[in-house]
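Enquirer: Please find one structure pasted underneath; my questions will follow.
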Amino acid sequence: MAVPDGLTLDRHRDLRGRERRPHVRQALLGVLAAFLLLGLLNIFGQVDTLSSAEGSGARFEVSAPTKLRGGLFFEARFEVEAIEEIANATLVLDPGWLEDITLNTVEPAPVGEASRDGDIALELGRIPAGDTHILFLHFQVNPTAVGFRSQDVDLYDGERPLVSFDRDAIVWP
C-alpha cells in the first residue's frame with residue numbers, strides 16, 4: 001500500500017521526532033488530576049466551618065465556609081441562643097464579609113441595618129431568655145475576588161458586647 005502524498009512513515013506512523021510529546025501530555029494531565037484532587041479534598045473551599053462560643057448571656061454559632069472560590073454561592077448561618085434576655089441583639093460583621101462578595105439574601109430580615117465604625121450592623125431585635133434566633137445570609141463570591149478577608153463577627157446587646165469571633169477567609173482564583 002502506498003503512503004499518501006505529504007505523509008511519511010517515520011514522522012506520521014512512527015512519530016519520529018515527537019518522542020517527548022507523550023511525556024509532556026502525561027505531565028499536563030497529571031497536573032490537572034492533582035488540581036482536581038485538591039478540589040475534592042476541599043483545599044479550594046465550600047465546606048462550612050463551625051465556630052461556637054458562649055459569652056455573657058448568650059451562646060453564639062457561626063457556620064460559613066472560610067475557603068471560597070470566585071463565583072461560589074454560599075450560605076452563612078448565625079445562631080444566637082439567649083441564656084438571658086437580649087433586649088437589642090445586634091450582629092456586627094467585618095467589611096470582609098462584603099468585600100468582593102455580593103450579599104444576595106438576608107432571612108429573616110433584620111429589624112434594622114446600620115454602620116458601626118465601618119462595620120455592618122444587623123439589628124435582630126429582642127430575643128427572650130431561652131429562645132434562639134437564626135439568621136441566614138446568602139452570598140456569591142465575585143469572580144475577580146482573590147486573597148484573604150477578615151470576617152470577624154461580634155454579637156452585642158445594644159452597645160454591650162456579648163460574644164465575638166475572629167474569622168478569616170481566603171478566596172481562591
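Within each chain, counting starts at residue 1; across the C-alpha cells, chains are named A, B, ... in the order shown, with ligands numbered 1 upward in that order.
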May I have a table of the residues of segment 54-153 of chain A lying at most 12 Å from segment 16-39 of chain A, giving each one's closest pair of atoms and their distance in Å to one decimal, counting only C-alpha atoms, ordered by chain and ascending residue number, as a tab-separated table?

Expert:
residue	atom	partner	partner_atom	distance
A:Lys67	CA	A:Gly39	CA	11.0
A:Leu68	CA	A:Gly39	CA	11.2
A:Arg69	CA	A:Gly39	CA	10.4

Enquirer: Select from chain A everything DSSP, run on the backbone, classes as strand (DSSP E or B), then give the selection as a compact mmCIF listing (two decimals) with N, CA and C atoms, in the first residue's frame.

Expert:
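The result, written out as selection-v3.txt:
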# COMPACT_ATOMS: atom_id res chain seq x y z
N ASP A 48 -18.47 24.15 55.12
CA ASP A 48 -18.66 25.09 56.22
C ASP A 48 -17.68 24.84 57.37
N THR A 49 -17.31 25.92 58.02
CA THR A 49 -16.53 25.87 59.25
C THR A 49 -17.44 26.37 60.36
N LEU A 50 -17.61 25.58 61.41
CA LEU A 50 -18.49 25.95 62.51
C LEU A 50 -17.67 26.54 63.64
N SER A 51 -18.04 27.73 64.07
CA SER A 51 -17.41 28.38 65.22
C SER A 51 -18.50 28.61 66.25
N SER A 52 -18.21 28.26 67.50
CA SER A 52 -19.20 28.50 68.54
C SER A 52 -18.51 29.00 69.79
N ALA A 53 -19.25 29.82 70.54
CA ALA A 53 -18.73 30.38 71.78
C ALA A 53 -19.90 30.75 72.68
N GLU A 54 -19.59 30.88 73.94
CA GLU A 54 -20.59 31.32 74.90
C GLU A 54 -20.04 32.53 75.62
N GLY A 55 -20.85 33.56 75.72
CA GLY A 55 -20.44 34.78 76.40
C GLY A 55 -21.42 35.12 77.48
N ALA A 58 -25.32 34.73 76.34
CA ALA A 58 -25.69 34.18 75.04
C ALA A 58 -24.72 33.10 74.57
N ARG A 59 -25.27 32.15 73.82
CA ARG A 59 -24.46 31.19 73.07
C ARG A 59 -24.58 31.61 71.61
N PHE A 60 -23.48 31.50 70.88
CA PHE A 60 -23.46 32.03 69.52
C PHE A 60 -22.70 31.06 68.63
N GLU A 61 -23.30 30.74 67.47
CA GLU A 61 -22.65 29.88 66.48
C GLU A 61 -22.65 30.58 65.13
N VAL A 62 -21.53 30.43 64.43
CA VAL A 62 -21.41 30.92 63.06
C VAL A 62 -20.97 29.74 62.21
N SER A 63 -21.73 29.48 61.15
CA SER A 63 -21.41 28.40 60.23
C SER A 63 -21.31 28.97 58.83
N ALA A 64 -20.09 28.99 58.28
CA ALA A 64 -19.86 29.52 56.93
C ALA A 64 -18.50 29.01 56.46
N PRO A 65 -18.33 28.84 55.16
CA PRO A 65 -17.01 28.41 54.67
C PRO A 65 -15.96 29.50 54.85
N LYS A 67 -12.96 28.95 53.13
CA LYS A 67 -12.22 28.80 51.87
C LYS A 67 -13.24 28.94 50.75
N LEU A 68 -13.04 29.96 49.94
CA LEU A 68 -14.01 30.30 48.91
C LEU A 68 -13.35 30.33 47.54
N ARG A 69 -14.18 30.30 46.49
CA ARG A 69 -13.71 30.40 45.11
C ARG A 69 -14.54 31.44 44.39
N PHE A 73 -21.54 30.30 45.26
CA PHE A 73 -22.68 30.69 46.08
C PHE A 73 -22.51 29.98 47.41
N PHE A 74 -22.70 30.70 48.51
CA PHE A 74 -22.61 30.04 49.81
C PHE A 74 -23.53 30.71 50.81
N GLU A 75 -23.76 30.00 51.92
CA GLU A 75 -24.64 30.48 52.96
C GLU A 75 -23.87 30.61 54.26
N ALA A 76 -24.16 31.65 55.00
CA ALA A 76 -23.64 31.82 56.35
C ALA A 76 -24.83 31.74 57.30
N ARG A 77 -24.67 30.96 58.35
CA ARG A 77 -25.76 30.76 59.32
C ARG A 77 -25.28 31.27 60.67
N PHE A 78 -26.05 32.18 61.25
CA PHE A 78 -25.73 32.77 62.55
C PHE A 78 -26.83 32.36 63.51
N GLU A 79 -26.48 31.64 64.58
CA GLU A 79 -27.47 31.18 65.55
C GLU A 79 -27.15 31.78 66.91
N VAL A 80 -28.12 32.54 67.44
CA VAL A 80 -27.97 33.20 68.74
C VAL A 80 -28.97 32.55 69.69
N GLU A 81 -28.47 31.96 70.77
CA GLU A 81 -29.33 31.41 71.81
C GLU A 81 -29.19 32.30 73.04
N ALA A 82 -30.29 32.89 73.46
CA ALA A 82 -30.26 33.81 74.60
C ALA A 82 -30.34 33.02 75.89
N ILE A 86 -31.99 39.14 75.69
CA ILE A 86 -31.19 40.13 74.95
C ILE A 86 -32.18 41.15 74.43
N ALA A 87 -32.10 42.37 74.93
CA ALA A 87 -33.08 43.40 74.59
C ALA A 87 -32.94 43.89 73.15
N ASN A 88 -31.70 44.03 72.67
CA ASN A 88 -31.47 44.54 71.32
C ASN A 88 -30.28 43.82 70.70
N ALA A 89 -30.49 42.58 70.28
CA ALA A 89 -29.42 41.78 69.70
C ALA A 89 -28.97 42.41 68.39
N THR A 90 -27.66 42.60 68.27
CA THR A 90 -27.09 43.19 67.06
C THR A 90 -25.86 42.40 66.64
N LEU A 91 -25.85 41.95 65.39
CA LEU A 91 -24.67 41.30 64.82
C LEU A 91 -23.85 42.37 64.11
N VAL A 92 -22.56 42.37 64.37
CA VAL A 92 -21.67 43.32 63.70
C VAL A 92 -20.65 42.51 62.91
N LEU A 93 -20.65 42.70 61.58
CA LEU A 93 -19.79 41.94 60.67
C LEU A 93 -18.69 42.84 60.12
N ILE A 101 -17.65 40.33 47.60
CA ILE A 101 -18.63 39.27 47.83
C ILE A 101 -20.00 39.94 47.82
N THR A 102 -20.92 39.42 47.03
CA THR A 102 -22.25 40.01 46.90
C THR A 102 -23.21 39.34 47.88
N LEU A 103 -23.90 40.14 48.67
CA LEU A 103 -24.94 39.64 49.58
C LEU A 103 -26.24 39.56 48.79
N ASN A 104 -26.76 38.36 48.63
CA ASN A 104 -27.97 38.16 47.85
C ASN A 104 -29.24 38.22 48.69
N THR A 105 -29.22 37.56 49.86
CA THR A 105 -30.43 37.45 50.66
C THR A 105 -30.09 37.50 52.14
N VAL A 106 -30.96 38.12 52.92
CA VAL A 106 -30.88 38.10 54.39
C VAL A 106 -32.24 37.60 54.87
N GLU A 107 -32.26 36.46 55.56
CA GLU A 107 -33.52 35.89 56.05
C GLU A 107 -33.36 35.41 57.47
N GLY A 112 -33.19 46.26 61.70
CA GLY A 112 -32.53 47.44 61.15
C GLY A 112 -31.13 47.11 60.69
N GLU A 113 -30.60 47.97 59.83
CA GLU A 113 -29.23 47.84 59.34
C GLU A 113 -28.54 49.17 59.53
N ALA A 114 -27.27 49.13 59.91
CA ALA A 114 -26.54 50.37 60.14
C ALA A 114 -25.05 50.11 59.94
N SER A 115 -24.30 51.17 60.04
CA SER A 115 -22.84 51.07 60.02
C SER A 115 -22.34 51.37 61.42
N ARG A 116 -21.40 50.58 61.88
CA ARG A 116 -20.79 50.79 63.19
C ARG A 116 -19.29 50.91 62.98
N ASP A 119 -18.15 48.93 60.09
CA ASP A 119 -18.61 47.54 60.09
C ASP A 119 -20.11 47.51 59.80
N ILE A 120 -20.61 46.34 59.40
CA ILE A 120 -22.01 46.18 59.06
C ILE A 120 -22.75 45.72 60.31
N ALA A 121 -23.73 46.47 60.76
CA ALA A 121 -24.51 46.12 61.96
C ALA A 121 -25.91 45.71 61.54
N LEU A 122 -26.31 44.50 61.92
CA LEU A 122 -27.66 43.99 61.64
C LEU A 122 -28.38 43.84 62.97
N GLU A 123 -29.40 44.64 63.18
CA GLU A 123 -30.16 44.60 64.43
C GLU A 123 -31.21 43.50 64.35
N LEU A 124 -31.12 42.53 65.26
CA LEU A 124 -32.03 41.40 65.27
C LEU A 124 -33.23 41.63 66.18
N GLY A 125 -33.13 42.60 67.08
CA GLY A 125 -34.24 42.90 67.99
C GLY A 125 -34.15 42.10 69.28
N ARG A 126 -35.28 41.95 69.94
CA ARG A 126 -35.35 41.28 71.25
C ARG A 126 -35.35 39.77 71.08
N ILE A 127 -34.54 39.09 71.92
CA ILE A 127 -34.55 37.63 71.96
C ILE A 127 -34.79 37.25 73.43
N THR A 132 -34.07 31.05 70.62
CA THR A 132 -32.98 31.04 69.64
C THR A 132 -33.40 31.85 68.43
N HIS A 133 -32.48 32.65 67.92
CA HIS A 133 -32.71 33.40 66.68
C HIS A 133 -31.67 32.92 65.66
N ILE A 134 -32.15 32.53 64.48
CA ILE A 134 -31.25 32.08 63.42
C ILE A 134 -31.37 33.05 62.26
N LEU A 135 -30.22 33.52 61.80
CA LEU A 135 -30.16 34.44 60.67
C LEU A 135 -29.35 33.78 59.56
N PHE A 136 -29.88 33.82 58.34
CA PHE A 136 -29.20 33.26 57.18
C PHE A 136 -28.81 34.39 56.24
N LEU A 137 -27.57 34.38 55.80
CA LEU A 137 -27.10 35.31 54.77
C LEU A 137 -26.62 34.46 53.59
N HIS A 138 -27.09 34.80 52.39
CA HIS A 138 -26.69 34.07 51.19
C HIS A 138 -25.81 34.99 50.34
N PHE A 139 -24.65 34.48 49.96
CA PHE A 139 -23.65 35.27 49.26
C PHE A 139 -23.26 34.63 47.95
N GLN A 140 -22.61 35.44 47.09
CA GLN A 140 -21.90 34.94 45.92
C GLN A 140 -20.57 35.67 45.86
N VAL A 141 -19.49 34.90 45.68
CA VAL A 141 -18.16 35.48 45.57
C VAL A 141 -17.99 36.01 44.15
N GLY A 147 -7.74 36.52 47.45
CA GLY A 147 -6.99 36.98 48.62
C GLY A 147 -7.68 36.68 49.94
N PHE A 148 -7.08 37.22 51.01
CA PHE A 148 -7.56 37.00 52.36
C PHE A 148 -8.56 38.07 52.76
N ARG A 149 -9.54 37.68 53.58
CA ARG A 149 -10.55 38.60 54.10
C ARG A 149 -10.70 38.35 55.60
N SER A 150 -10.80 39.43 56.37
CA SER A 150 -11.15 39.31 57.77
C SER A 150 -12.66 39.25 57.85
N VAL A 153 -16.91 38.51 63.57
CA VAL A 153 -18.32 38.68 63.89
C VAL A 153 -18.42 38.99 65.38
N ASP A 154 -19.23 40.00 65.72
CA ASP A 154 -19.46 40.35 67.12
C ASP A 154 -20.96 40.36 67.36
N LEU A 155 -21.35 39.90 68.54
CA LEU A 155 -22.75 39.94 68.97
C LEU A 155 -22.84 40.92 70.13
N TYR A 156 -23.77 41.86 70.01
CA TYR A 156 -23.98 42.89 71.03
C TYR A 156 -25.41 42.84 71.52
N ASP A 157 -25.60 43.31 72.75
CA ASP A 157 -26.92 43.66 73.25
C ASP A 157 -26.91 45.17 73.35
N ARG A 160 -23.55 46.77 74.48
CA ARG A 160 -22.80 45.86 75.36
C ARG A 160 -22.35 44.62 74.58
N PRO A 161 -21.02 44.37 74.48
CA PRO A 161 -20.55 43.18 73.76
C PRO A 161 -20.89 41.90 74.52
N LEU A 162 -21.36 40.89 73.78
CA LEU A 162 -21.68 39.60 74.37
C LEU A 162 -20.69 38.52 73.96
N VAL A 163 -20.51 38.34 72.65
CA VAL A 163 -19.64 37.28 72.12
C VAL A 163 -18.99 37.80 70.85
N SER A 164 -17.75 37.36 70.58
CA SER A 164 -17.13 37.73 69.30
C SER A 164 -16.29 36.58 68.77
N PHE A 165 -16.17 36.55 67.45
CA PHE A 165 -15.36 35.55 66.75
C PHE A 165 -14.34 36.26 65.87
N ASP A 168 -11.15 34.38 59.57
CA ASP A 168 -10.51 34.82 58.33
C ASP A 168 -10.96 33.88 57.23
N ALA A 169 -11.06 34.42 56.03
CA ALA A 169 -11.42 33.64 54.86
C ALA A 169 -10.41 33.90 53.76
N ILE A 170 -10.23 32.90 52.92
CA ILE A 170 -9.37 33.05 51.75
C ILE A 170 -10.22 32.80 50.51
N VAL A 171 -10.03 33.63 49.50
CA VAL A 171 -10.73 33.47 48.23
C VAL A 171 -9.70 33.02 47.21
N TRP A 172 -9.90 31.82 46.70
CA TRP A 172 -9.02 31.25 45.67
C TRP A 172 -9.48 31.75 44.30

Enquirer: Would you return as a list in words the members of chain A that DSSP assigns to alpha helix (DSSP H) on this structure's backbone?

Expert: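 Filtering chain A down to alpha helix (DSSP H) leaves Arg21, Pro22, His23, Val24, Arg25, Gln26, Ala27, Leu28, Leu29, Gly30, Val31, Leu32, Ala33, Ala34, Phe35, Leu36, Leu37, Leu38, Gly39 and Leu40 of chain A.
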